[in-house]
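Novice: To be precise about what I am sending: the file is called entry.cif and holds mmCIF, C-alpha atoms.
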data_input
loop_
_atom_site.label_atom_id
_atom_site.label_comp_id
_atom_site.auth_asym_id
_atom_site.auth_seq_id
_atom_site.Cartn_x
_atom_site.Cartn_y
_atom_site.Cartn_z
CA MET W 18 27.45 119.96 -32.74
CA ARG W 19 26.92 118.39 -29.32
CA ILE W 20 23.48 117.08 -28.28
CA ALA W 21 22.85 116.07 -24.68
CA ILE W 22 20.68 112.97 -24.58
CA LYS W 23 18.83 110.97 -21.92
CA CYS W 24 16.86 107.80 -22.59
CA PHE W 25 14.33 106.47 -20.10
CA ALA W 26 12.51 103.26 -19.18
CA THR W 27 13.09 100.57 -21.85
CA LEU W 28 15.20 103.02 -23.90
CA ALA W 29 17.77 103.46 -21.11
CA ARG W 30 19.95 100.75 -22.68
CA PHE W 31 20.58 103.04 -25.68
CA ALA W 32 21.85 105.99 -23.63
CA PRO W 33 25.46 106.89 -24.47
CA PRO W 34 27.69 106.64 -21.37
CA ALA W 35 28.95 110.19 -21.81
CA GLY W 36 25.39 111.57 -21.98
CA PHE W 37 25.93 113.33 -25.31
CA VAL W 38 26.32 112.67 -29.03
CA GLU W 39 28.28 114.59 -31.66
CA LEU W 40 26.19 115.15 -34.81
CA PRO W 41 26.75 117.19 -37.98
CA GLU W 42 25.06 120.57 -38.32
CA GLY W 43 21.47 120.25 -39.57
CA ALA W 44 20.92 116.83 -38.02
CA ARG W 45 17.36 115.94 -37.10
CA VAL W 46 16.00 113.88 -34.22
CA LEU W 47 15.83 110.99 -36.70
CA ASP W 48 19.59 111.21 -37.21
CA LEU W 49 20.10 111.19 -33.44
CA LEU W 50 18.04 107.98 -33.15
CA ALA W 51 20.06 106.38 -35.95
CA ALA W 52 23.35 107.41 -34.33
CA LEU W 53 22.29 105.71 -31.10
CA GLY W 54 20.82 102.65 -32.86
CA ILE W 55 17.34 103.29 -31.47
CA PRO W 56 14.50 101.86 -33.61
CA GLU W 57 12.08 104.72 -34.34
CA ASN W 58 9.08 102.56 -33.50
CA GLU W 59 10.31 102.13 -29.92
CA VAL W 60 10.20 105.90 -29.29
CA LYS W 61 6.87 107.41 -28.29
CA LEU W 62 7.79 110.71 -26.66
CA ILE W 63 10.55 113.07 -27.75
CA PHE W 64 11.33 116.19 -25.74
CA ARG W 65 13.75 118.83 -26.94
CA ASN W 66 14.70 121.33 -24.24
CA ASN W 67 11.77 120.09 -22.14
CA ARG W 68 9.20 120.53 -24.94
CA HIS W 69 7.45 117.85 -26.98
CA THR W 70 8.73 117.59 -30.52
CA ALA W 71 8.73 115.36 -33.63
CA VAL W 72 11.33 113.13 -35.26
CA GLU W 73 11.73 115.58 -38.17
CA THR W 74 12.82 118.43 -35.89
CA VAL W 75 16.21 119.89 -36.77
CA LEU W 76 18.47 120.02 -33.73
CA ALA W 77 20.83 122.78 -32.64
CA ASP W 78 24.13 122.69 -30.79
CA GLY W 79 23.54 122.36 -27.03
CA ASP W 80 20.02 120.94 -27.33
CA GLU W 81 18.92 118.53 -24.64
CA VAL W 82 16.87 115.61 -25.96
CA ARG W 83 14.96 113.12 -23.82
CA LEU W 84 13.34 109.98 -25.17
CA PHE W 85 10.58 107.78 -23.76
CA PRO W 86 8.81 104.66 -24.95
CA ALA W 87 5.04 104.34 -24.52
CA VAL W 88 4.35 103.99 -20.80
CA GLY W 89 0.96 102.72 -19.73
CA GLY W 90 1.22 100.73 -16.52
CA GLY W 91 -0.95 101.44 -13.53
CA MET H 27 -29.86 122.67 9.65
CA ASP H 28 -29.87 124.34 13.04
CA ALA H 29 -26.54 126.12 13.34
CA ALA H 30 -27.01 126.64 17.06
CA ALA H 31 -27.24 122.86 17.58
CA ILE H 32 -23.99 122.30 15.69
CA LEU H 33 -22.21 125.10 17.54
CA ALA H 34 -23.44 123.66 20.88
CA ARG H 35 -21.75 120.34 20.08
CA ALA H 36 -18.60 121.91 18.62
CA ARG H 37 -15.39 121.95 20.62
CA ARG H 38 -12.62 124.48 20.43
CA ASP H 39 -9.21 123.03 19.71
CA PRO H 40 -7.09 125.67 21.47
CA ARG H 41 -3.78 124.43 20.11
CA ARG H 42 -4.95 124.55 16.48
CA GLY H 43 -7.30 127.49 16.94
CA ILE H 44 -10.28 125.87 15.21
CA SER H 45 -13.71 124.55 16.17
CA THR H 46 -14.38 120.89 15.52
CA ILE H 47 -17.25 118.44 15.78
CA ALA H 48 -17.16 114.66 16.08
CA MET H 49 -18.73 112.49 13.37
CA ALA H 50 -20.98 110.90 15.99
CA ASP H 51 -22.33 114.32 17.00
CA LEU H 52 -23.01 115.22 13.37
CA ALA H 53 -24.85 111.92 12.86
CA ASP H 54 -26.76 112.44 16.09
CA LEU H 55 -27.99 115.82 14.80
CA GLY H 56 -28.86 114.39 11.40
CA ALA H 57 -26.34 116.85 9.93
CA GLY H 58 -23.68 116.47 7.24
CA PRO H 59 -20.16 117.83 6.88
CA LEU H 60 -21.40 120.75 4.77
CA ASP H 61 -23.72 121.85 7.61
CA ALA H 62 -20.74 121.95 9.97
CA LEU H 63 -18.47 123.76 7.51
CA ALA H 64 -21.22 126.36 6.93
CA CYS H 65 -20.99 127.18 10.66
CA GLY H 66 -17.21 127.46 10.55
CA VAL H 67 -16.89 124.09 12.29
CA THR H 68 -14.48 121.46 10.93
CA PRO H 69 -15.62 117.82 11.05
CA ALA H 70 -13.05 116.06 13.26
CA PRO H 71 -11.65 113.77 10.49
CA TRP H 72 -10.41 116.87 8.65
CA VAL H 73 -8.87 118.75 11.60
CA ARG H 74 -5.35 117.89 10.54
CA SER H 75 -6.08 119.16 7.02
CA ALA H 76 -7.64 122.43 8.13
CA HIS H 77 -4.56 124.62 8.23
CA SER H 78 -3.68 123.81 4.63
CA ILE H 79 -7.22 123.29 3.30
CA ASP H 80 -9.28 126.17 4.68
CA GLY H 81 -13.03 125.99 5.27
CA ALA H 82 -13.95 127.26 1.81
CA ALA H 83 -11.62 124.75 0.14
CA GLN H 84 -12.85 121.90 2.33
CA GLU H 85 -16.40 122.83 1.37
CA ARG H 86 -15.46 122.68 -2.32
CA LEU H 87 -14.00 119.23 -1.78
CA ALA H 88 -17.11 118.09 0.08
CA ARG H 89 -19.27 119.26 -2.85
CA ALA H 90 -16.93 117.79 -5.48
CA ARG H 91 -17.89 114.92 -7.75
CA VAL H 92 -15.01 112.83 -9.07
CA ALA H 93 -14.86 109.76 -11.31
CA VAL H 94 -11.93 107.36 -10.90
CA VAL H 95 -11.45 104.99 -13.83
CA GLY H 96 -9.49 101.98 -12.67
CA ALA H 97 -9.35 100.76 -9.07
CA GLY H 98 -6.12 98.79 -9.32
CA GLY H 99 -2.59 100.14 -8.72
CA LEU H 100 -3.11 103.87 -9.31
CA GLY H 101 -6.82 103.86 -8.55
CA GLY H 102 -6.56 102.06 -5.21
CA TYR H 103 -4.32 104.80 -3.83
CA VAL H 104 -6.08 107.68 -5.61
CA ILE H 105 -9.44 106.63 -4.16
CA GLU H 106 -7.92 106.32 -0.70
CA LEU H 107 -6.28 109.75 -0.85
CA LEU H 108 -9.24 111.65 -2.33
CA ALA H 109 -11.62 110.12 0.22
CA ARG H 110 -9.31 111.03 3.10
CA MET H 111 -9.03 114.59 1.72
CA GLY H 112 -12.81 114.87 1.99
CA VAL H 113 -14.04 114.59 -1.60
CA GLY H 114 -17.80 114.24 -1.23
CA PHE H 115 -18.61 111.91 -4.11
CA LEU H 116 -16.50 109.27 -5.81
CA ARG H 117 -17.61 107.20 -8.80
CA VAL H 118 -15.38 104.15 -9.08
CA VAL H 119 -15.31 102.36 -12.44
CA ASP H 120 -13.49 99.06 -12.96
CA GLY H 121 -14.71 95.88 -14.62
CA ASP H 122 -11.76 93.87 -13.38
CA ALA H 123 -11.36 91.50 -10.42
CA PHE H 124 -8.32 91.22 -8.12
CA GLU H 125 -5.75 88.53 -8.85
CA GLU H 126 -2.52 87.49 -7.15
CA THR H 127 -0.30 89.34 -9.62
CA ASN H 128 -1.84 92.61 -8.38
CA MET H 129 -0.47 92.10 -4.89
CA ASN H 130 2.95 93.67 -5.49
CA ARG H 131 1.41 97.14 -5.79
CA GLN H 132 -2.37 97.38 -5.49
CA LEU H 133 -3.57 98.70 -2.13
CA LEU H 134 -6.83 96.77 -2.25
CA ALA H 135 -5.37 93.46 -3.46
CA GLU H 136 -5.12 91.02 -0.57
CA PRO H 137 -5.89 87.32 -0.17
CA ALA H 138 -9.42 88.07 1.00
CA THR H 139 -10.24 90.19 -2.07
CA LEU H 140 -8.81 87.90 -4.78
CA GLY H 141 -11.42 87.16 -7.42
CA ARG H 142 -13.66 90.00 -6.22
CA SER H 143 -14.74 93.09 -8.19
CA LYS H 144 -12.21 95.92 -7.78
CA ALA H 145 -14.96 98.55 -7.84
CA GLN H 146 -16.96 96.72 -5.20
CA VAL H 147 -13.94 96.20 -2.93
CA ALA H 148 -13.11 99.91 -3.28
CA GLN H 149 -16.63 100.85 -2.27
CA GLU H 150 -16.40 98.68 0.83
CA ARG H 151 -13.03 100.17 1.76
CA LEU H 152 -14.42 103.71 1.41
CA ALA H 153 -17.39 102.87 3.64
CA ARG H 154 -14.90 101.87 6.35
CA ILE H 155 -12.37 104.71 6.04
CA ALA H 156 -14.47 107.66 4.85
CA PRO H 157 -18.11 107.45 5.90
CA LEU H 158 -18.62 111.08 4.86
CA CYS H 159 -17.89 110.17 1.21
CA ALA H 160 -20.73 109.01 -1.07
CA VAL H 161 -19.59 106.24 -3.42
CA GLU H 162 -20.96 104.82 -6.65
CA ALA H 163 -19.30 101.58 -7.79
CA HIS H 164 -19.52 100.37 -11.41
CA SER H 165 -18.09 96.91 -12.07
CA VAL H 166 -17.75 97.53 -15.80
CA PHE H 167 -15.03 98.55 -18.23
CA VAL H 168 -15.46 101.91 -19.98
CA ASP H 169 -16.53 101.45 -23.60
CA GLN H 170 -18.07 103.53 -26.38
CA ALA H 171 -21.58 102.78 -25.17
CA ASN H 172 -21.18 103.73 -21.49
CA ALA H 173 -18.36 106.34 -21.58
CA ALA H 174 -20.58 109.44 -21.67
CA GLU H 175 -22.64 108.23 -18.72
CA LEU H 176 -19.71 107.04 -16.59
CA LEU H 177 -17.43 110.03 -17.25
CA GLY H 178 -20.03 112.79 -17.35
CA GLY H 179 -21.58 114.78 -14.52
CA VAL H 180 -18.33 115.07 -12.58
CA ASP H 181 -15.85 117.89 -11.94
CA VAL H 182 -12.79 115.86 -12.87
CA VAL H 183 -11.89 112.36 -14.06
CA LEU H 184 -8.87 110.46 -12.77
CA ASP H 185 -7.42 108.14 -15.42
CA CYS H 186 -6.01 105.33 -13.29
CA LEU H 187 -6.08 102.72 -16.03
CA GLY H 188 -3.38 100.22 -16.76
CA GLY H 189 -2.22 99.57 -20.32
CA LEU H 190 -2.67 101.60 -23.50
CA ASP H 191 -5.86 100.13 -24.95
CA SER H 192 -8.73 102.03 -23.37
CA ARG H 193 -6.97 105.27 -22.48
CA PRO H 194 -7.66 107.06 -25.80
CA LEU H 195 -11.36 106.26 -25.46
CA VAL H 196 -11.48 107.69 -21.92
CA HIS H 197 -9.63 110.87 -22.89
CA ALA H 198 -11.79 111.39 -25.98
CA ALA H 199 -14.97 110.91 -23.95
CA CYS H 200 -13.76 113.39 -21.32
CA ALA H 201 -12.95 115.95 -24.01
CA ALA H 202 -16.42 115.44 -25.52
CA ALA H 203 -18.02 115.93 -22.11
CA SER H 204 -15.74 118.93 -21.35
CA VAL H 205 -14.40 117.22 -18.23
CA PRO H 206 -10.71 117.68 -17.34
CA VAL H 207 -8.58 114.61 -16.67
CA VAL H 208 -5.66 113.85 -14.39
CA ALA H 209 -3.75 110.82 -15.65
CA ALA H 210 -0.68 108.79 -14.76
CA ALA H 211 1.29 105.81 -15.97
CA VAL H 212 4.16 103.75 -14.66
CA ALA H 213 6.81 101.38 -16.04
CA GLY H 214 9.36 100.05 -13.56
CA TRP H 215 10.73 103.10 -11.71
CA THR H 216 9.43 105.52 -14.37
CA VAL H 217 6.46 107.70 -13.39
CA LEU H 218 4.51 110.02 -15.73
CA VAL H 219 1.73 112.28 -14.42
CA GLY H 220 -0.18 115.06 -16.15
CA ALA H 221 -3.45 116.95 -16.42
CA GLU H 222 -5.43 117.72 -19.53
CA LEU H 223 -8.04 120.37 -20.19
CA PRO H 224 -10.70 119.61 -22.82
CA GLY H 225 -9.42 120.24 -26.34
CA LYS H 226 -5.83 120.98 -25.32
CA PRO H 227 -2.91 118.63 -25.93
CA GLY H 228 -1.51 116.96 -22.86
CA ILE H 229 -0.49 113.69 -21.36
CA SER H 230 -2.85 111.66 -23.57
CA LEU H 231 -0.26 112.06 -26.37
CA VAL H 232 1.59 109.30 -24.53
CA TRP H 233 -1.20 106.92 -25.47
CA SER H 234 -2.06 108.17 -28.95
CA ASP H 235 -0.95 104.87 -30.49
CA PRO H 236 -2.80 101.96 -28.84
CA PHE H 237 -0.63 99.51 -30.80
CA ALA H 238 2.65 100.85 -29.41
CA SER H 239 4.66 98.55 -27.17
CA ASP H 240 3.96 99.41 -23.52
CA ALA H 241 7.23 99.63 -21.57
CA GLU H 242 5.35 98.22 -18.58
CA GLY H 243 5.36 94.88 -20.39
CA GLN H 244 9.16 94.73 -20.02
CA LEU H 245 9.70 96.66 -16.80
CA GLY H 246 6.63 95.80 -14.76
CA SER H 247 5.04 98.13 -12.26
CA LEU H 248 6.60 98.82 -8.85
CA ALA H 249 4.72 99.78 -5.70
CA PRO H 250 6.69 102.96 -4.82
CA ALA H 251 6.32 104.25 -8.38
CA VAL H 252 2.60 103.47 -8.46
CA ALA H 253 1.94 105.03 -5.04
CA MET H 254 3.91 108.14 -5.97
CA ALA H 255 2.10 108.54 -9.28
CA ALA H 256 -1.23 108.18 -7.48
CA SER H 257 -0.20 110.69 -4.83
CA LEU H 258 0.72 113.26 -7.50
CA GLN H 259 -2.60 112.61 -9.24
CA ALA H 260 -4.54 113.11 -6.02
CA ALA H 261 -2.67 116.32 -5.19
CA GLU H 262 -3.30 117.66 -8.71
CA ALA H 263 -7.02 116.77 -8.50
CA VAL H 264 -7.34 118.46 -5.10
CA ARG H 265 -5.53 121.54 -6.46
CA TYR H 266 -8.03 121.72 -9.31
CA LEU H 267 -11.08 121.10 -7.13
CA THR H 268 -10.08 123.77 -4.61
CA THR H 269 -8.57 126.44 -6.92
CA SER H 270 -9.91 125.61 -10.43
CA ARG H 271 -6.29 125.42 -11.59
CA PHE H 272 -3.93 122.61 -12.49
CA ALA H 273 -0.17 122.76 -12.04
CA LEU H 274 0.31 120.16 -14.80
CA ALA H 275 -2.21 121.20 -17.49
CA GLY H 276 -0.64 120.44 -20.85
CA LYS H 277 2.48 119.16 -19.09
CA VAL H 278 3.91 115.86 -17.95
CA LEU H 279 5.82 115.44 -14.73
CA HIS H 280 8.41 112.68 -15.08
CA ALA H 281 9.93 111.05 -12.03
CA ASP H 282 12.75 108.57 -12.53
CA LEU H 283 12.82 106.83 -9.17
CA SER H 284 15.86 104.73 -10.16
CA ALA H 285 17.90 107.95 -9.96
CA CYS H 286 15.51 110.15 -7.95
CA THR H 287 15.32 112.78 -10.70
CA PHE H 288 12.27 114.87 -11.58
CA SER H 289 11.45 116.90 -14.70
CA ILE H 290 8.43 118.67 -16.15
CA TYR H 291 7.86 118.62 -19.90
CA HIS H 292 5.55 120.76 -22.05
CA MET H 293 3.34 118.69 -24.34
CA SER H 294 2.68 121.46 -26.89
CA GLU H 295 5.35 122.02 -29.50
CA ASP H 296 4.84 125.79 -29.50
CA GLU H 297 6.93 128.03 -27.31
#
Could you rewrite the structure in this file as structure tokens?
Specialist:
Amino acid sequence: MRIAIKCFATLARFAPPAGFVELPEGARVLDLLAALGIPENEVKLIFRNNRHTAVETVLADGDEVRLFPAVGGG
Amino acid sequence: MDAAAILARARRDPRRGISTIAMADLADLGAGPLDALACGVTPAPWVRSAHSIDGAAQERLARARVAVVGAGGLGGYVIELLARMGVGFLRVVDGDAFEETNMNRQLLAEPATLGRSKAQVAQERLARIAPLCAVEAHSVFVDQANAAELLGGVDVVLDCLGGLDSRPLVHAACAAASVPVVAAAVAGWTVLVGAELPGKPGISLVWSDPFASDAEGQLGSLAPAVAMAASLQAAEAVRYLTTSRFALAGKVLHADLSACTFSIYHMSEDE
């Protein structure tokens, strides 16, 4: 299945150039992070189809995932 | 207050179709902005707001009490914007002093203010730009002991802090005092802004782990991102103060100014 992915701020360096990743059916957000080589402890916010979610969430074909680190500057 | 005296000093602005009164005339009569608004007269500083903020809304702003925590990057602009919108009371809380590294983005950081209390400098700025706004300056950091006092007794709190450390404390204290919060954070060109109602999940999830690595440490904090975040915070606070509604309750607006893209995310996991 194809997952669209965007990575922001310090995670931008992990974003795949094509903007998507192919994963096997049943893959979770954790598997997506592993496929992109993103350390889990660098990810603070995960959004799946514009809604906050957890690393254990099982993804579905066509999902859009966005990842953020902790952002605190002011 | 004698309405007839206010109406006698008021002038009709025929182009804008509203009655206005100069600050000097109000002072001369010993009257305040609320006295003028009660007569359907707009104090002159707010004339250019009046077609978008009607008399009833302007009166709500004039009666509003707002606490701004942090008077640095976000707070400097938020204070400026809320005062110019006509918020009647601002409590400014910041235990920090200006330093040179603030000068890339903080409105109130300038050579003359280096080393001075941010809260105090903000109060002086407000006295110059918004004499109709009452200001309380607290040159302290929010902690467990003072949080209830500093964050209570207001209609809304603006979290304009920098860093992750003290944000959870501020949001917990606001929830305990049943005060809604409008918060923002920046890293490089990344802007996050959201509002939070007491007891409901929202933007504070971003700061739930005070030991996480703050992206700001690697990307810094850029003036256009900070000013934009502050502007969105001020607009959201004014929306709440005038309509009792947030646009971003339980949501986070993300602006990526490196690509000029904008998204809104829901912070609850439920559909």
Novice: When the PyMOL selection byres ((chain W and resi 55) around 12) is applied to the file above, which residues end up in the set, as a PyMOL selection string?
Specialist: chain W and resi 24+27-33+46-54+56-61+84-86
Novice: So which residues get picked by the PyMOL selection byres ((chain W) within 9 of (chain H)) here, written as a compact mmCIF listing (two decimals) with C-alpha atoms, keeping the file's coordinate frame?
Specialist:
# COMPACT_ATOMS: atom_id res chain seq x y z
CA PHE W 25 14.33 106.47 -20.10
CA ALA W 26 12.51 103.26 -19.18
CA THR W 27 13.09 100.57 -21.85
CA LEU W 28 15.20 103.02 -23.90
CA ASN W 58 9.08 102.56 -33.50
CA GLU W 59 10.31 102.13 -29.92
CA LYS W 61 6.87 107.41 -28.29
CA LEU W 62 7.79 110.71 -26.66
CA PHE W 64 11.33 116.19 -25.74
CA ASN W 66 14.70 121.33 -24.24
CA ASN W 67 11.77 120.09 -22.14
CA ARG W 68 9.20 120.53 -24.94
CA HIS W 69 7.45 117.85 -26.98
CA THR W 70 8.73 117.59 -30.52
CA ALA W 71 8.73 115.36 -33.63
CA PRO W 86 8.81 104.66 -24.95
CA ALA W 87 5.04 104.34 -24.52
CA VAL W 88 4.35 103.99 -20.80
CA GLY W 89 0.96 102.72 -19.73
CA GLY W 90 1.22 100.73 -16.52
CA GLY W 91 -0.95 101.44 -13.53
Novice: Between H:Arg117, H:Arg265, H:Asp39, H:Leu195, which has the minimum distance to H:His164 (counting only C-alpha atoms)?
Specialist: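 The closest residue to H:His164 is H:Arg117.
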Novice: Please list as a list of chain:residue names every residue within 10 Å of stretch 56-58 of chain H, counting only C-alpha atoms and excluding residues in the same chain fewer than 3 positions away.
Specialist: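 Here the answer would be H:Met27, H:Asp28, H:Ala29, H:Ala31, H:Ile32, H:Met49, H:Ala50, H:Asp51, H:Leu52, H:Ala53, H:Asp61, H:Ala62, H:Leu63, H:Pro69, H:Ala88, H:Leu158.
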Novice: Could you tell me how far atom CA of H:Ala171 sits from atom CA of H:Gly114, in Å to one decimal place?
Specialist: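 Atom CA of H:Ala171 lies 26.8 Å from atom CA of H:Gly114.
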Novice: When you look at W:Ala44 with a cut-off of 12 Å (counting all atoms listed in the file), what residues show up, excluding the ones that are within fewer than 5 positions of it in the same chain? I need them as a PyMOL selection string.
Specialist: chain W and resi 18-20+38-39+49-52+72-78+80
Novice: In Å, how far is it from atom CA of H:Ala64 to atom CA of H:Val183?
Specialist: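 Pair atom CA of H:Ala64 / atom CA of H:Val183 returns 26.9 Å.
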Novice: Please export stretch 52-67 of chain W as a tab-separated table (two decimals), in the first residue's frame, restricted to N, CA and C atoms.
Specialist:
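After the write, selection08.tsv holds the following:
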chain	number	residue	atom	x	y	z
W	52	ALA	N	10.96	2.46	8.08
W	52	ALA	CA	11.25	2.46	6.65
W	52	ALA	C	11.98	3.73	6.22
W	53	LEU	N	11.69	4.82	6.93
W	53	LEU	CA	12.32	6.10	6.58
W	53	LEU	C	13.59	6.36	7.40
W	54	GLY	N	13.88	5.46	8.35
W	54	GLY	CA	15.07	5.65	9.19
W	54	GLY	C	14.93	6.76	10.21
W	55	ILE	N	13.70	7.02	10.63
W	55	ILE	CA	13.47	8.11	11.60
W	55	ILE	C	13.47	7.53	13.02
W	56	PRO	N	14.38	7.99	13.89
W	56	PRO	CA	14.35	7.52	15.28
W	56	PRO	C	13.04	7.91	15.95
W	57	GLU	N	12.39	6.96	16.61
W	57	GLU	CA	11.07	7.23	17.21
W	57	GLU	C	11.14	8.39	18.20
W	58	ASN	N	12.28	8.50	18.91
W	58	ASN	CA	12.34	9.54	19.94
W	58	ASN	C	12.50	10.95	19.36
W	59	GLU	N	12.66	11.06	18.05
W	59	GLU	CA	12.71	12.40	17.44
W	59	GLU	C	11.33	12.89	17.01
W	60	VAL	N	10.33	11.97	17.05
W	60	VAL	CA	8.99	12.30	16.58
W	60	VAL	C	8.09	12.62	17.77
W	61	LYS	N	7.50	13.82	17.76
W	61	LYS	CA	6.61	14.19	18.86
W	61	LYS	C	5.15	14.17	18.44
W	62	LEU	N	4.88	14.62	17.22
W	62	LEU	CA	3.50	14.70	16.75
W	62	LEU	C	3.34	13.89	15.48
W	63	ILE	N	2.32	13.02	15.49
W	63	ILE	CA	2.00	12.23	14.30
W	63	ILE	C	0.56	12.53	13.91
W	64	PHE	N	0.36	12.94	12.67
W	64	PHE	CA	-1.00	13.17	12.19
W	64	PHE	C	-1.27	12.21	11.03
W	65	ARG	N	-2.41	11.55	11.11
W	65	ARG	CA	-2.84	10.66	10.03
W	65	ARG	C	-4.14	11.25	9.48
W	66	ASN	N	-4.12	11.63	8.24
W	66	ASN	CA	-5.27	12.28	7.61
W	66	ASN	C	-5.75	13.46	8.45
W	67	ASN	N	-4.78	14.27	8.84
W	67	ASN	CA	-5.00	15.53	9.59
W	67	ASN	C	-5.51	15.34	11.02
